[in-house]
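First the structure, in the form of structure tokens, and then the observations on it.
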Amino acid sequence: MNCAVCDLRPVEMGHLCEDCREEIAGPPGLVPEQLLATSAKPTGAVLIDPWGRPHPLDARTLIGRQLEGAGVCVLEGSVSRHHAHLSYDPVKKCWSLRDLGSVNGTLVNDHELHEASTVLRPGDRIHVGQVGFYFLPDGGQLPPVQLDPAAANTLRPIDRVPAPAAPAAEPEFDVENTDVGLPHLTMRLNEPTGGGGGLVEIDGKQVQLTTTQFEFFALLVRRMAAESSQPHLVRGFVRTSELIGDLSWDTREPGDNHVKQLVRRVRRALVKAEVGDLIESRHRFGYRLRVVPHLEP
């Protein structure tokens with residue numbers, strides 16, 4: 001069965017292929033239980049979450065962190081209590097999305113919404129805060145998804161990055177802050193000489209990367225190390241535009257898709273080497289390491 005969004009590649013989880021799922025992977029640590037959706041009068045339209053699960057939509061659907069009735073409830077710190085609103089116009093026969101003055105914003109295909117609503121098209125990628133969905137106006141026939149608990153993490157199952165200690169008190173949902181600190185890992189960068197890429201040693205494991213992949217990873221390492229005075233929540237990010245301008249590309253006109261493909265390949269190399277997915281992506285910020293590197297000579 002092919003992906004319900006792109007219809008080009010076989011599904012990897014739920015109704016999404018690996019590439020489409022990667023686009024809305026969400027913040028580290030997000031779990032399926034944080035997304036709760038109820039519908040009183042389903043219209044046939046759905047939002048598909050990072051695990052490929054379809055959530056039916058009413059003609060007027062509220063998205064937020066604290067809902068009193070039907071809607072899409074997202075229990076994640078970057079999502080406001082009443083974050084965004086989806087509505088169907090029966091005269092124009094179209095769906096629209098409006099941000100409700102949220103703290104962390106609403107994006108459609110990486111473009112931020114402001115006061116006015118925007119008309120949605122099939123397959124549009126929606127982010128409320130850091131949590132992503134796909135919109136399908138005719139997804140009502142998609143069967144429900146039963147998740148394997150071992151595969152329901154937004155990080156790869158073999159991710160070895162230690163989780164930060166849980167706070168002693170109950171989470172305070174009024175605080176729009178997801179800063180939980182970053183773990184540390186020992187690394188060594190073996191610079192490429194004479195071409196052929198470079199070797200990265202991470203916590204005693206070796207990862208062979210191509211020249212561009214090595215440049216990308218080394219940039220993330222050095223940016224995280226250089227911004228030690230910055231708060232953990234914003235430390236170490238490198239924007240896509242900077243990557244396009246600074247890396248050695250094998251194409252004349254690198255763009256966003258080249259960066260995304262590069263990131264996917266580096267992630268796969270890290271996971272294959274059993275060090276885990278160490279790269280975090282955040283809309284409007286860019287890419288960074290999930291860990292603080294301790295560089296060895």
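FYI, nothing fancy with the structure tokens labels: chains A, B, ... in order, residues from 1 per chain, ligands from 1 as they appear.
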Neighbouring residues of Glu22 of chain A were defined as those with any atom within 10 Å, considering only C-alpha atoms; residues of the same chain fewer than 2 positions away were excluded. Please report them as a PyMOL selection string. chain A and resi 16-20+24-26+50+154+260+264+281
Saved selection, atoms kept: all heavy atoms, as an mmCIF file, in the first residue's frame:
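Once everything was written out, this is out_0.cif:
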```
data_model
loop_
_atom_site.group_PDB
_atom_site.id
_atom_site.type_symbol
_atom_site.label_atom_id
_atom_site.label_comp_id
_atom_site.auth_asym_id
_atom_site.auth_seq_id
_atom_site.Cartn_x
_atom_site.Cartn_y
_atom_site.Cartn_z
ATOM 1 N N LEU A 16 1.567 6.570 6.278
ATOM 2 C CA LEU A 16 2.621 7.453 5.789
ATOM 3 C C LEU A 16 3.867 6.668 5.386
ATOM 4 O O LEU A 16 4.242 5.703 6.044
ATOM 5 C CB LEU A 16 3.017 8.481 6.862
ATOM 6 C CG LEU A 16 1.971 9.513 7.265
ATOM 7 C CD1 LEU A 16 2.558 10.446 8.329
ATOM 8 C CD2 LEU A 16 1.478 10.310 6.074
ATOM 9 N N CYS A 17 4.520 7.146 4.302
ATOM 10 C CA CYS A 17 5.817 6.611 3.931
ATOM 11 C C CYS A 17 6.893 7.245 4.819
ATOM 12 O O CYS A 17 6.621 8.190 5.579
ATOM 13 C CB CYS A 17 6.120 6.897 2.457
ATOM 14 S SG CYS A 17 6.336 8.652 2.065
ATOM 15 N N GLU A 18 8.116 6.757 4.706
ATOM 16 C CA GLU A 18 9.187 7.253 5.558
ATOM 17 C C GLU A 18 9.451 8.735 5.334
ATOM 18 O O GLU A 18 9.617 9.500 6.289
ATOM 19 C CB GLU A 18 10.469 6.459 5.295
ATOM 20 C CG GLU A 18 11.643 6.888 6.159
ATOM 21 C CD GLU A 18 12.901 6.088 5.878
ATOM 22 O OE1 GLU A 18 12.888 5.284 4.928
ATOM 23 O OE2 GLU A 18 13.901 6.276 6.600
ATOM 24 N N ASP A 19 9.492 9.180 4.058
ATOM 25 C CA ASP A 19 9.811 10.579 3.770
ATOM 26 C C ASP A 19 8.723 11.518 4.270
ATOM 27 O O ASP A 19 9.021 12.567 4.862
ATOM 28 C CB ASP A 19 10.031 10.777 2.271
ATOM 29 C CG ASP A 19 11.341 10.181 1.789
ATOM 30 O OD1 ASP A 19 12.152 9.780 2.648
ATOM 31 O OD2 ASP A 19 11.551 10.103 0.565
ATOM 32 N N CYS A 20 7.459 11.181 4.032
ATOM 33 C CA CYS A 20 6.367 12.050 4.489
ATOM 34 C C CYS A 20 6.308 12.070 6.019
ATOM 35 O O CYS A 20 6.043 13.119 6.620
ATOM 36 C CB CYS A 20 5.037 11.592 3.909
ATOM 37 S SG CYS A 20 4.855 11.930 2.140
ATOM 38 N N ILE A 24 6.992 15.524 9.351
ATOM 39 C CA ILE A 24 6.175 15.952 10.491
ATOM 40 C C ILE A 24 6.546 15.168 11.745
ATOM 41 O O ILE A 24 5.696 14.945 12.617
ATOM 42 C CB ILE A 24 4.664 15.816 10.196
ATOM 43 C CG1 ILE A 24 4.295 14.366 9.885
ATOM 44 C CG2 ILE A 24 4.242 16.732 9.056
ATOM 45 C CD1 ILE A 24 2.788 14.114 9.882
ATOM 46 N N ALA A 25 7.823 14.777 11.868
ATOM 47 C CA ALA A 25 8.229 13.868 12.940
ATOM 48 C C ALA A 25 7.943 14.403 14.335
ATOM 49 O O ALA A 25 7.757 13.649 15.270
ATOM 50 C CB ALA A 25 9.717 13.538 12.809
ATOM 51 N N GLY A 26 7.897 15.732 14.493
ATOM 52 C CA GLY A 26 7.558 16.284 15.799
ATOM 53 C C GLY A 26 8.752 16.437 16.706
ATOM 54 O O GLY A 26 9.864 16.005 16.391
ATOM 55 N N PRO A 50 1.929 12.152 13.095
ATOM 56 C CA PRO A 50 3.244 11.595 12.765
ATOM 57 C C PRO A 50 3.328 10.076 12.766
ATOM 58 O O PRO A 50 4.308 9.526 12.269
ATOM 59 C CB PRO A 50 4.151 12.189 13.855
ATOM 60 C CG PRO A 50 3.491 13.462 14.247
ATOM 61 C CD PRO A 50 2.029 13.159 14.183
ATOM 62 N N THR A 154 8.774 8.942 18.096
ATOM 63 C CA THR A 154 9.182 9.798 16.989
ATOM 64 C C THR A 154 10.674 9.692 16.736
ATOM 65 O O THR A 154 11.154 10.067 15.680
ATOM 66 C CB THR A 154 8.828 11.269 17.259
ATOM 67 O OG1 THR A 154 9.388 11.669 18.505
ATOM 68 C CG2 THR A 154 7.354 11.467 17.270
ATOM 69 N N LYS A 260 17.085 18.400 3.054
ATOM 70 C CA LYS A 260 16.294 17.363 3.717
ATOM 71 C C LYS A 260 16.827 15.968 3.386
ATOM 72 O O LYS A 260 16.891 15.095 4.265
ATOM 73 C CB LYS A 260 14.826 17.486 3.305
ATOM 74 C CG LYS A 260 14.152 18.734 3.852
ATOM 75 C CD LYS A 260 12.748 18.877 3.314
ATOM 76 C CE LYS A 260 12.099 20.162 3.825
ATOM 77 N NZ LYS A 260 10.750 20.363 3.252
ATOM 78 N N ARG A 264 18.379 13.268 6.072
ATOM 79 C CA ARG A 264 17.882 11.893 6.172
ATOM 80 C C ARG A 264 19.019 10.889 6.064
ATOM 81 O O ARG A 264 19.062 9.894 6.793
ATOM 82 C CB ARG A 264 16.832 11.632 5.082
ATOM 83 C CG ARG A 264 15.468 12.228 5.372
ATOM 84 C CD ARG A 264 14.408 11.628 4.480
ATOM 85 N NE ARG A 264 14.588 12.003 3.084
ATOM 86 C CZ ARG A 264 14.029 13.058 2.506
ATOM 87 N NH1 ARG A 264 13.259 13.862 3.218
ATOM 88 N NH2 ARG A 264 14.217 13.315 1.240
ATOM 89 N N SER A 281 15.289 18.510 14.174
ATOM 90 C CA SER A 281 14.845 19.559 13.257
ATOM 91 C C SER A 281 13.690 20.309 13.889
ATOM 92 O O SER A 281 12.822 19.700 14.530
ATOM 93 C CB SER A 281 14.405 18.954 11.913
ATOM 94 O OG SER A 281 13.330 18.056 12.098
#
```
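The space separating atom CA of Glu280 of chain A from atom CA of Val266 of chain A comes to 11.8 Å.
DSSP secondary structure from the backbone places A:Gly198, A:Leu199, A:Val200, A:Glu201, A:Ile202, A:Lys205, A:Gln206, A:Val207, A:Gln208, A:Leu209, A:Val238, A:Ile279, A:Glu280, A:Ser281, A:Arg282, A:Gly286, A:Tyr287, A:Arg288 of segment 198-288 of chain A in strand (DSSP E or B).
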Could you write those residues out with N, CA and C atoms, as a PDB file, in the first residue's frame?
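This went into selection-v1.pdb:
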```pdb
ATOM      1  N   GLY A 198      34.732  11.867   5.662  1.00  0.00           N
ATOM      2  CA  GLY A 198      35.381  11.917   6.961  1.00  0.00           C
ATOM      3  C   GLY A 198      34.799  10.901   7.910  1.00  0.00           C
ATOM      4  N   LEU A 199      35.499  10.695   9.006  1.00  0.00           N
ATOM      5  CA  LEU A 199      35.096   9.711  10.008  1.00  0.00           C
ATOM      6  C   LEU A 199      34.743  10.426  11.301  1.00  0.00           C
ATOM      7  N   VAL A 200      33.593  10.080  11.852  1.00  0.00           N
ATOM      8  CA  VAL A 200      33.136  10.637  13.123  1.00  0.00           C
ATOM      9  C   VAL A 200      33.116   9.515  14.148  1.00  0.00           C
ATOM     10  N   GLU A 201      33.706   9.753  15.289  1.00  0.00           N
ATOM     11  CA  GLU A 201      33.657   8.790  16.396  1.00  0.00           C
ATOM     12  C   GLU A 201      32.740   9.348  17.476  1.00  0.00           C
ATOM     13  N   ILE A 202      31.725   8.588  17.824  1.00  0.00           N
ATOM     14  CA  ILE A 202      30.711   9.027  18.778  1.00  0.00           C
ATOM     15  C   ILE A 202      30.560   7.968  19.856  1.00  0.00           C
ATOM     16  N   LYS A 205      31.866   4.657  18.958  1.00  0.00           N
ATOM     17  CA  LYS A 205      31.431   4.050  17.699  1.00  0.00           C
ATOM     18  C   LYS A 205      31.834   4.952  16.533  1.00  0.00           C
ATOM     19  N   GLN A 206      32.139   4.345  15.380  1.00  0.00           N
ATOM     20  CA  GLN A 206      32.605   5.086  14.219  1.00  0.00           C
ATOM     21  C   GLN A 206      31.512   5.176  13.155  1.00  0.00           C
ATOM     22  N   VAL A 207      31.408   6.371  12.546  1.00  0.00           N
ATOM     23  CA  VAL A 207      30.442   6.611  11.484  1.00  0.00           C
ATOM     24  C   VAL A 207      31.190   7.217  10.300  1.00  0.00           C
ATOM     25  N   GLN A 208      31.181   6.526   9.165  1.00  0.00           N
ATOM     26  CA  GLN A 208      31.823   7.039   7.957  1.00  0.00           C
ATOM     27  C   GLN A 208      30.819   7.879   7.178  1.00  0.00           C
ATOM     28  N   LEU A 209      31.205   9.116   6.845  1.00  0.00           N
ATOM     29  CA  LEU A 209      30.323  10.038   6.139  1.00  0.00           C
ATOM     30  C   LEU A 209      30.993  10.544   4.872  1.00  0.00           C
ATOM     31  N   VAL A 238      21.228  25.503  13.213  1.00  0.00           N
ATOM     32  CA  VAL A 238      21.782  25.990  11.954  1.00  0.00           C
ATOM     33  C   VAL A 238      20.652  26.022  10.939  1.00  0.00           C
ATOM     34  N   ILE A 279      20.068  14.064  15.419  1.00  0.00           N
ATOM     35  CA  ILE A 279      19.770  15.338  14.758  1.00  0.00           C
ATOM     36  C   ILE A 279      18.322  15.729  15.004  1.00  0.00           C
ATOM     37  N   GLU A 280      18.133  16.920  15.523  1.00  0.00           N
ATOM     38  CA  GLU A 280      16.806  17.477  15.754  1.00  0.00           C
ATOM     39  C   GLU A 280      16.499  18.513  14.689  1.00  0.00           C
ATOM     40  N   SER A 281      15.289  18.510  14.174  1.00  0.00           N
ATOM     41  CA  SER A 281      14.845  19.559  13.257  1.00  0.00           C
ATOM     42  C   SER A 281      13.690  20.309  13.889  1.00  0.00           C
ATOM     43  N   ARG A 282      13.695  21.625  13.739  1.00  0.00           N
ATOM     44  CA  ARG A 282      12.624  22.446  14.296  1.00  0.00           C
ATOM     45  C   ARG A 282      12.284  23.542  13.301  1.00  0.00           C
ATOM     46  N   GLY A 286      15.731  25.429  12.247  1.00  0.00           N
ATOM     47  CA  GLY A 286      16.688  24.689  11.450  1.00  0.00           C
ATOM     48  C   GLY A 286      17.026  23.353  12.067  1.00  0.00           C
ATOM     49  N   TYR A 287      18.316  23.010  12.071  1.00  0.00           N
ATOM     50  CA  TYR A 287      18.772  21.705  12.550  1.00  0.00           C
ATOM     51  C   TYR A 287      19.828  21.890  13.639  1.00  0.00           C
ATOM     52  N   ARG A 288      19.870  20.928  14.546  1.00  0.00           N
ATOM     53  CA  ARG A 288      20.905  20.932  15.577  1.00  0.00           C
ATOM     54  C   ARG A 288      21.084  19.512  16.113  1.00  0.00           C
TER      55      ARG A 288
END
```
Excluding same-chain residues fewer than 2 positions from segment 6-12 of chain A, what lies within 12 Å of it counting only C-alpha atoms, as a count of residues only? 29
List as a PyMOL selection string the protein and nucleic acid residues near segment 66-70 of chain A, meaning an atom at most 9 Å away when only C-alpha atoms are counted, but skip any in the same chain fewer than 3 places from it. chain A and resi 37-40+58+61-63+73-75+80-82+173
Given the selection you just returned, output its residues as a file containing N, CA, C and O atoms, formatted as a JSON list (two decimals), in the first residue's frame.
```json
[["chain", "number", "residue", "atom", "x", "y", "z"],
["A", 37, "ALA", "N", -8.08, 12.92, 19.67],
["A", 37, "ALA", "CA", -9.03, 13.56, 18.77],
["A", 37, "ALA", "C", -10.41, 12.93, 18.91],
["A", 37, "ALA", "O", -10.54, 11.71, 18.98],
["A", 38, "THR", "N", -11.44, 13.78, 18.99],
["A", 38, "THR", "CA", -12.82, 13.32, 19.02],
["A", 38, "THR", "C", -13.62, 14.11, 18.01],
["A", 38, "THR", "O", -13.38, 15.31, 17.81],
["A", 39, "SER", "N", -14.58, 13.45, 17.35],
["A", 39, "SER", "CA", -15.40, 14.09, 16.32],
["A", 39, "SER", "C", -16.86, 13.77, 16.58],
["A", 39, "SER", "O", -17.22, 12.61, 16.78],
["A", 40, "ALA", "N", -17.70, 14.81, 16.58],
["A", 40, "ALA", "CA", -19.13, 14.63, 16.80],
["A", 40, "ALA", "C", -19.86, 14.28, 15.50],
["A", 40, "ALA", "O", -20.69, 13.38, 15.46],
["A", 58, "ASP", "N", -14.69, 17.49, 12.25],
["A", 58, "ASP", "CA", -16.00, 18.10, 12.10],
["A", 58, "ASP", "C", -15.88, 19.31, 11.19],
["A", 58, "ASP", "O", -14.78, 19.78, 10.88],
["A", 61, "THR", "N", -13.58, 22.51, 13.67],
["A", 61, "THR", "CA", -12.72, 21.73, 14.55],
["A", 61, "THR", "C", -11.67, 22.61, 15.21],
["A", 61, "THR", "O", -10.92, 23.31, 14.52],
["A", 62, "LEU", "N", -11.63, 22.57, 16.52],
["A", 62, "LEU", "CA", -10.65, 23.32, 17.28],
["A", 62, "LEU", "C", -9.43, 22.43, 17.55],
["A", 62, "LEU", "O", -9.57, 21.26, 17.87],
["A", 63, "ILE", "N", -8.23, 23.02, 17.40],
["A", 63, "ILE", "CA", -6.98, 22.34, 17.73],
["A", 63, "ILE", "C", -6.35, 23.08, 18.89],
["A", 63, "ILE", "O", -6.17, 24.30, 18.83],
["A", 73, "CYS", "N", -6.94, 17.47, 20.40],
["A", 73, "CYS", "CA", -6.22, 17.90, 21.60],
["A", 73, "CYS", "C", -4.78, 17.41, 21.52],
["A", 73, "CYS", "O", -4.53, 16.21, 21.34],
["A", 74, "VAL", "N", -3.82, 18.35, 21.62],
["A", 74, "VAL", "CA", -2.40, 18.03, 21.52],
["A", 74, "VAL", "C", -1.73, 18.43, 22.82],
["A", 74, "VAL", "O", -1.53, 19.61, 23.11],
["A", 75, "LEU", "N", -1.37, 17.45, 23.63],
["A", 75, "LEU", "CA", -0.79, 17.69, 24.95],
["A", 75, "LEU", "C", 0.72, 17.84, 24.82],
["A", 75, "LEU", "O", 1.50, 16.94, 25.17],
["A", 80, "SER", "N", -0.62, 25.94, 22.15],
["A", 80, "SER", "CA", -1.41, 26.78, 23.05],
["A", 80, "SER", "C", -2.74, 26.11, 23.41],
["A", 80, "SER", "O", -3.17, 25.17, 22.74],
["A", 81, "ARG", "N", -3.39, 26.63, 24.46],
["A", 81, "ARG", "CA", -4.65, 26.02, 24.92],
["A", 81, "ARG", "C", -5.67, 25.97, 23.79],
["A", 81, "ARG", "O", -6.31, 24.95, 23.56],
["A", 82, "HIS", "N", -5.89, 27.09, 23.11],
["A", 82, "HIS", "CA", -6.71, 27.16, 21.90],
["A", 82, "HIS", "C", -5.78, 27.69, 20.81],
["A", 82, "HIS", "O", -5.52, 28.89, 20.73],
["A", 173, "PHE", "N", 1.05, 23.10, 32.42],
["A", 173, "PHE", "CA", 0.73, 23.29, 31.01],
["A", 173, "PHE", "C", 0.55, 24.75, 30.62],
["A", 173, "PHE", "O", 0.48, 25.08, 29.45]]
```
